[in-house]
Amino acid sequence: MASSSNPGRTPPLVAAIVCSVLLLAGGAAGNFYQDVDITWGDGRGKILGNGQLLTLSLDRLSGSGFQSKNQYLYGRFDMQIKLVPGNSAGTVATFYLSSQGSQHDEIDFEFLGNASGEPYTVHTNVYSQGKGGREQQFRMWFDPTKDFHTYSVLWNPSHILFYVDGTPIREYRNTEATTGVAFPRAQAMRVYASLWDAEEWATQGGRVRTDWSRAPFTASYRGLAASGCTSQDATACANPGSPWMYQQQLDSASQDRLRQVQRDYMIYNYCADTYRFPQGLPPECTAK
């Protein structure tokens with residue numbers, strides 16, 4: 001487990017990937033009216049600003065959420081989010097990709113709220129064929145409630161990359177050929193976002209509960225850019241000319257940035273948790 005907290009140090013940015021090809025859906029930030037459906041919350045999710053802003057709210061009765069109209073098999077997905085301000089203990093805002101069913105694949109950003117003045121936890125996870133448990137957690141080098149920040153996922157057959165404001169914070173590589181650990185590569189996924197109550201576990205292991213007198217809690221989303229393959233043909237979606245195939249591995253500068261973030265801001269890594277895995281770490285953790 002690495003130590004956290006170096007709020008004065010801002011990692012350099014990584015340039016965004018911008019291009020277009022056949023089978024490409026989205027790209028530049030779209031319009032929420034056209035791109036998503038609000039799927040639950042009984043009016044607590046609202047599209048504003050002519051489709052440029054979407055807010056999700058949570059109160060004691062319910063949270064809220066939305067999903068993309070399109071499904072994707074590989075792509076790059078960016079979302080600008082401003083998280084719940086003030087005392088957000090017990091709340092979880094999300095931005096993630098997921099397929100359906102008990103053997104689903106999933107790529108997660110979850111933002112675990114905290115008491116006023118305490119930092120958010122950015123929780124990442126990868127599920128393949130229904131199995132998750134691949135958590136890495138981070139603090140941010142900024143206050144994510146003061147302004148919008150961009151959270152991104154790049155997913156292709158080689159790896160999954162998590163970015164914050166263009167800086168890579170996590171890489172999950174496809175080691176299936178050498179370890180037998182399944183990698184998300186055959187199930188199309190939608191983009192999802194939600195705001196919900198997880199006071200039983202979200203903040204300091206459930207020791208700090210939600211202060212419902214502060215409800216409704218609201219998180220704001222804008223700038224959804226989904227550049228992904230909408231074909232269900234894995235071979236077509238893995239075409240080398242596709243923009244999501246552009247980055248097969250991080251260059252040396254990006255690797256340095258990734259190591260810096262993980263050194264300074266990571267607070268949990270399942271691949272370093274020998275207490276949780278006394279019989280040995282998961283095979284993907286030690287794969288070359």
# chains A, B, ... in the order shown; residues from 1 in each chain; ligands from 1
>>> residues_around(residues="Trp155 in chain A", least_positions_apart="2", cutoff="7 Å", atoms="only C-alpha atoms", output="short mmCIF file (atom, residue, chain, number, x, y, z; two decimals) with C-alpha atoms, in the first residue's frame")
data_model
loop_
_atom_site.label_atom_id
_atom_site.label_comp_id
_atom_site.auth_asym_id
_atom_site.auth_seq_id
_atom_site.Cartn_x
_atom_site.Cartn_y
_atom_site.Cartn_z
CA TYR A 74 -13.34 -1.08 -27.26
CA GLY A 75 -12.96 2.67 -27.29
CA ARG A 76 -12.01 5.80 -25.42
CA VAL A 153 -11.03 5.09 -19.87
CA HIS A 159 -4.85 -2.99 -21.95
CA ILE A 160 -7.23 -0.72 -20.06
CA LEU A 161 -5.98 2.73 -19.05
CA TRP A 244 -8.75 3.08 -29.57
#
>>> closest_atom_pairs(of="range 33-120 of chain A", to="range 227-237 of chain A", cutoff="12 Å", atoms="only C-alpha atoms", output="CSV")
residue,atom,partner,partner_atom,distance
A:Ser68,CA,A:Thr230,CA,11.7
A:Lys69,CA,A:Thr230,CA,10.7
A:Asn70,CA,A:Thr230,CA,6.9
A:Gln71,CA,A:Thr230,CA,5.9
A:Tyr72,CA,A:Thr230,CA,4.7
A:Leu73,CA,A:Cys229,CA,5.4
A:Tyr74,CA,A:Gly228,CA,5.7
A:Gly75,CA,A:Gly228,CA,3.8
A:Arg76,CA,A:Ser227,CA,5.2
A:Phe77,CA,A:Ser227,CA,6.3
A:Asp78,CA,A:Ser227,CA,8.7
A:Met79,CA,A:Ser227,CA,11.7
A:Leu97,CA,A:Gly228,CA,11.7
>>> write_last_selection(atoms="C-alpha atoms", output="mmCIF file, in the first residue's frame")
data_model
loop_
_atom_site.group_PDB
_atom_site.id
_atom_site.type_symbol
_atom_site.label_atom_id
_atom_site.label_comp_id
_atom_site.auth_asym_id
_atom_site.auth_seq_id
_atom_site.Cartn_x
_atom_site.Cartn_y
_atom_site.Cartn_z
ATOM 1 C CA SER A 68 -25.523 5.471 -22.986
ATOM 2 C CA LYS A 69 -27.811 4.620 -25.869
ATOM 3 C CA ASN A 70 -24.932 2.905 -27.687
ATOM 4 C CA GLN A 71 -22.959 -0.177 -26.701
ATOM 5 C CA TYR A 72 -19.235 -0.322 -27.425
ATOM 6 C CA LEU A 73 -16.593 -2.975 -27.913
ATOM 7 C CA TYR A 74 -13.336 -1.082 -27.260
ATOM 8 C CA GLY A 75 -12.956 2.670 -27.289
ATOM 9 C CA ARG A 76 -12.008 5.798 -25.416
ATOM 10 C CA PHE A 77 -14.539 7.305 -23.030
ATOM 11 C CA ASP A 78 -14.246 10.711 -21.347
ATOM 12 C CA MET A 79 -16.553 12.329 -18.817
ATOM 13 C CA LEU A 97 -18.588 0.692 -18.536
#
>>> select_by_dssp(residues="range 35-268 of chain A", states="strand (DSSP E or B)", output="mmCIF file with C-alpha atoms, in the first residue's frame")
data_model
loop_
_atom_site.group_PDB
_atom_site.id
_atom_site.type_symbol
_atom_site.label_atom_id
_atom_site.label_comp_id
_atom_site.auth_asym_id
_atom_site.auth_seq_id
_atom_site.Cartn_x
_atom_site.Cartn_y
_atom_site.Cartn_z
ATOM 1 C CA VAL A 36 -28.008 8.811 -22.977
ATOM 2 C CA ASP A 37 -31.168 7.642 -21.260
ATOM 3 C CA ILE A 38 -31.875 8.481 -17.624
ATOM 4 C CA THR A 39 -32.800 5.011 -16.410
ATOM 5 C CA TRP A 40 -33.704 5.441 -12.760
ATOM 6 C CA GLY A 45 -31.626 12.896 -12.897
ATOM 7 C CA LYS A 46 -31.990 16.080 -14.946
ATOM 8 C CA ILE A 47 -30.634 17.158 -18.333
ATOM 9 C CA LEU A 48 -30.001 20.908 -18.430
ATOM 10 C CA LEU A 53 -25.189 19.249 -18.502
ATOM 11 C CA LEU A 54 -26.675 16.332 -16.560
ATOM 12 C CA THR A 55 -27.151 16.347 -12.806
ATOM 13 C CA LEU A 56 -27.785 13.304 -10.621
ATOM 14 C CA SER A 57 -29.296 13.693 -7.160
ATOM 15 C CA LEU A 58 -29.580 11.456 -4.108
ATOM 16 C CA SER A 64 -30.349 8.261 -9.837
ATOM 17 C CA GLY A 65 -28.464 7.173 -12.913
ATOM 18 C CA PHE A 66 -28.165 7.104 -16.693
ATOM 19 C CA GLN A 67 -26.724 4.927 -19.443
ATOM 20 C CA SER A 68 -25.523 5.471 -22.986
ATOM 21 C CA TYR A 72 -19.235 -0.322 -27.425
ATOM 22 C CA GLY A 75 -12.956 2.670 -27.289
ATOM 23 C CA ARG A 76 -12.008 5.798 -25.416
ATOM 24 C CA PHE A 77 -14.539 7.305 -23.030
ATOM 25 C CA ASP A 78 -14.246 10.711 -21.347
ATOM 26 C CA MET A 79 -16.553 12.329 -18.817
ATOM 27 C CA GLN A 80 -16.237 15.635 -16.991
ATOM 28 C CA ILE A 81 -17.578 15.358 -13.446
ATOM 29 C CA LYS A 82 -17.973 17.751 -10.509
ATOM 30 C CA THR A 91 -22.407 8.760 -1.141
ATOM 31 C CA VAL A 92 -20.902 7.134 -4.219
ATOM 32 C CA ALA A 93 -20.836 8.769 -7.641
ATOM 33 C CA THR A 94 -19.834 6.564 -10.568
ATOM 34 C CA PHE A 95 -18.701 6.568 -14.187
ATOM 35 C CA TYR A 96 -18.194 3.117 -15.640
ATOM 36 C CA LEU A 97 -18.588 0.692 -18.536
ATOM 37 C CA SER A 98 -20.491 -2.553 -18.141
ATOM 38 C CA GLU A 106 -17.009 -3.953 -16.209
ATOM 39 C CA ILE A 107 -14.520 -1.082 -15.976
ATOM 40 C CA ASP A 108 -15.157 1.194 -12.985
ATOM 41 C CA PHE A 109 -14.527 4.677 -11.713
ATOM 42 C CA GLU A 110 -16.258 5.120 -8.345
ATOM 43 C CA PHE A 111 -15.928 8.246 -6.220
ATOM 44 C CA LEU A 112 -16.382 7.567 -2.517
ATOM 45 C CA THR A 121 -11.368 8.279 -2.622
ATOM 46 C CA VAL A 122 -11.213 7.443 -6.329
ATOM 47 C CA HIS A 123 -11.883 3.709 -6.562
ATOM 48 C CA THR A 124 -11.071 1.774 -9.756
ATOM 49 C CA ASN A 125 -11.889 -1.838 -10.575
ATOM 50 C CA VAL A 126 -11.955 -4.227 -13.534
ATOM 51 C CA TYR A 127 -14.379 -7.147 -13.888
ATOM 52 C CA SER A 128 -13.996 -9.900 -16.465
ATOM 53 C CA LYS A 131 -15.100 -11.581 -11.505
ATOM 54 C CA GLN A 136 -6.816 0.277 -6.895
ATOM 55 C CA GLN A 137 -7.706 3.412 -4.939
ATOM 56 C CA PHE A 138 -6.330 6.941 -5.116
ATOM 57 C CA HIS A 149 -12.377 17.319 -14.012
ATOM 58 C CA THR A 150 -12.085 14.796 -16.826
ATOM 59 C CA TYR A 151 -12.065 11.070 -16.042
ATOM 60 C CA SER A 152 -11.232 8.760 -18.950
ATOM 61 C CA VAL A 153 -11.029 5.092 -19.870
ATOM 62 C CA LEU A 154 -9.109 3.766 -22.868
ATOM 63 C CA TRP A 155 -9.992 0.137 -23.609
ATOM 64 C CA HIS A 159 -4.852 -2.989 -21.953
ATOM 65 C CA ILE A 160 -7.225 -0.717 -20.061
ATOM 66 C CA LEU A 161 -5.983 2.731 -19.054
ATOM 67 C CA PHE A 162 -7.573 5.014 -16.462
ATOM 68 C CA TYR A 163 -6.848 8.751 -16.782
ATOM 69 C CA VAL A 164 -7.599 11.825 -14.683
ATOM 70 C CA THR A 167 -2.777 11.850 -16.654
ATOM 71 C CA PRO A 168 -2.649 8.037 -16.482
ATOM 72 C CA ILE A 169 -3.324 6.715 -12.994
ATOM 73 C CA ARG A 170 -3.735 2.998 -13.732
ATOM 74 C CA GLU A 171 -2.945 0.442 -16.399
ATOM 75 C CA TYR A 172 -4.561 -3.017 -16.417
ATOM 76 C CA ARG A 173 -2.844 -5.193 -19.011
ATOM 77 C CA MET A 189 -20.539 -2.426 -22.851
ATOM 78 C CA ARG A 190 -22.601 0.676 -22.266
ATOM 79 C CA VAL A 191 -21.412 3.792 -20.463
ATOM 80 C CA TYR A 192 -23.133 4.278 -17.108
ATOM 81 C CA ALA A 193 -23.149 6.885 -14.360
ATOM 82 C CA SER A 194 -24.979 6.997 -11.056
ATOM 83 C CA LEU A 195 -25.192 8.583 -7.632
ATOM 84 C CA TRP A 196 -26.294 6.281 -4.834
ATOM 85 C CA ASP A 197 -26.188 5.628 -1.101
ATOM 86 C CA PHE A 217 -26.776 15.484 -2.742
ATOM 87 C CA THR A 218 -25.929 16.381 -6.345
ATOM 88 C CA ALA A 219 -23.133 15.430 -8.744
ATOM 89 C CA SER A 220 -22.806 17.124 -12.133
ATOM 90 C CA TYR A 221 -21.745 15.559 -15.439
ATOM 91 C CA ARG A 222 -20.859 17.139 -18.765
ATOM 92 C CA GLY A 223 -18.693 16.563 -21.842
ATOM 93 C CA LEU A 224 -19.381 12.873 -22.422
ATOM 94 C CA ALA A 225 -17.149 11.868 -25.346
ATOM 95 C CA ALA A 226 -17.453 8.241 -26.396
ATOM 96 C CA SER A 227 -15.158 7.269 -29.281
ATOM 97 C CA GLY A 228 -15.836 3.576 -29.515
ATOM 98 C CA CYS A 229 -16.680 0.700 -31.801
ATOM 99 C CA MET A 266 -2.331 5.544 -4.514
ATOM 100 C CA ILE A 267 -3.760 4.416 -1.163
ATOM 101 C CA TYR A 268 -4.702 0.821 -2.009
#
>>> residues_around(residues="Ala89 in chain A", least_positions_apart="3", cutoff="6 Å", atoms="only C-alpha atoms", output="PyMOL selection string")
chain A and resi 113-115+203+210
>>> residues_around(residues="Met245 in chain A", least_positions_apart="3", cutoff="6 Å", atoms="only C-alpha atoms", output="list in words")
Asn156, Pro240 and Ser242 of chain A
>>> select_by_dssp(residues="range 36-260 of chain A", states="alpha helix (DSSP H)", output="NGL selection string")
:A and (176-179 or 234-237 or 252-260)
>>> write_last_selection(atoms="C-alpha atoms", output="mmCIF file, in the first residue's frame")
data_model
loop_
_atom_site.group_PDB
_atom_site.id
_atom_site.type_symbol
_atom_site.label_atom_id
_atom_site.label_comp_id
_atom_site.auth_asym_id
_atom_site.auth_seq_id
_atom_site.Cartn_x
_atom_site.Cartn_y
_atom_site.Cartn_z
ATOM 1 C CA GLU A 176 -4.789 -13.776 -20.636
ATOM 2 C CA ALA A 177 -2.346 -15.556 -22.970
ATOM 3 C CA THR A 178 0.214 -16.099 -20.201
ATOM 4 C CA THR A 179 -1.880 -16.280 -17.011
ATOM 5 C CA ALA A 234 -14.527 -8.177 -32.050
ATOM 6 C CA THR A 235 -12.277 -8.576 -35.093
ATOM 7 C CA ALA A 236 -13.640 -5.430 -36.724
ATOM 8 C CA CYS A 237 -13.351 -3.478 -33.470
ATOM 9 C CA SER A 252 8.313 6.194 -21.407
ATOM 10 C CA ALA A 253 7.071 9.650 -20.425
ATOM 11 C CA SER A 254 3.587 8.309 -19.690
ATOM 12 C CA GLN A 255 5.056 5.430 -17.707
ATOM 13 C CA ASP A 256 6.962 7.964 -15.599
ATOM 14 C CA ARG A 257 3.750 9.911 -14.972
ATOM 15 C CA LEU A 258 1.915 6.733 -14.050
ATOM 16 C CA ARG A 259 4.632 5.722 -11.577
ATOM 17 C CA GLN A 260 4.573 9.205 -10.048
#
>>> residues_around(residues="Gly130 in chain A", least_positions_apart="2", cutoff="7 Å", atoms="only C-alpha atoms", output="PyMOL selection string")
chain A and resi 102-105+127-128+132
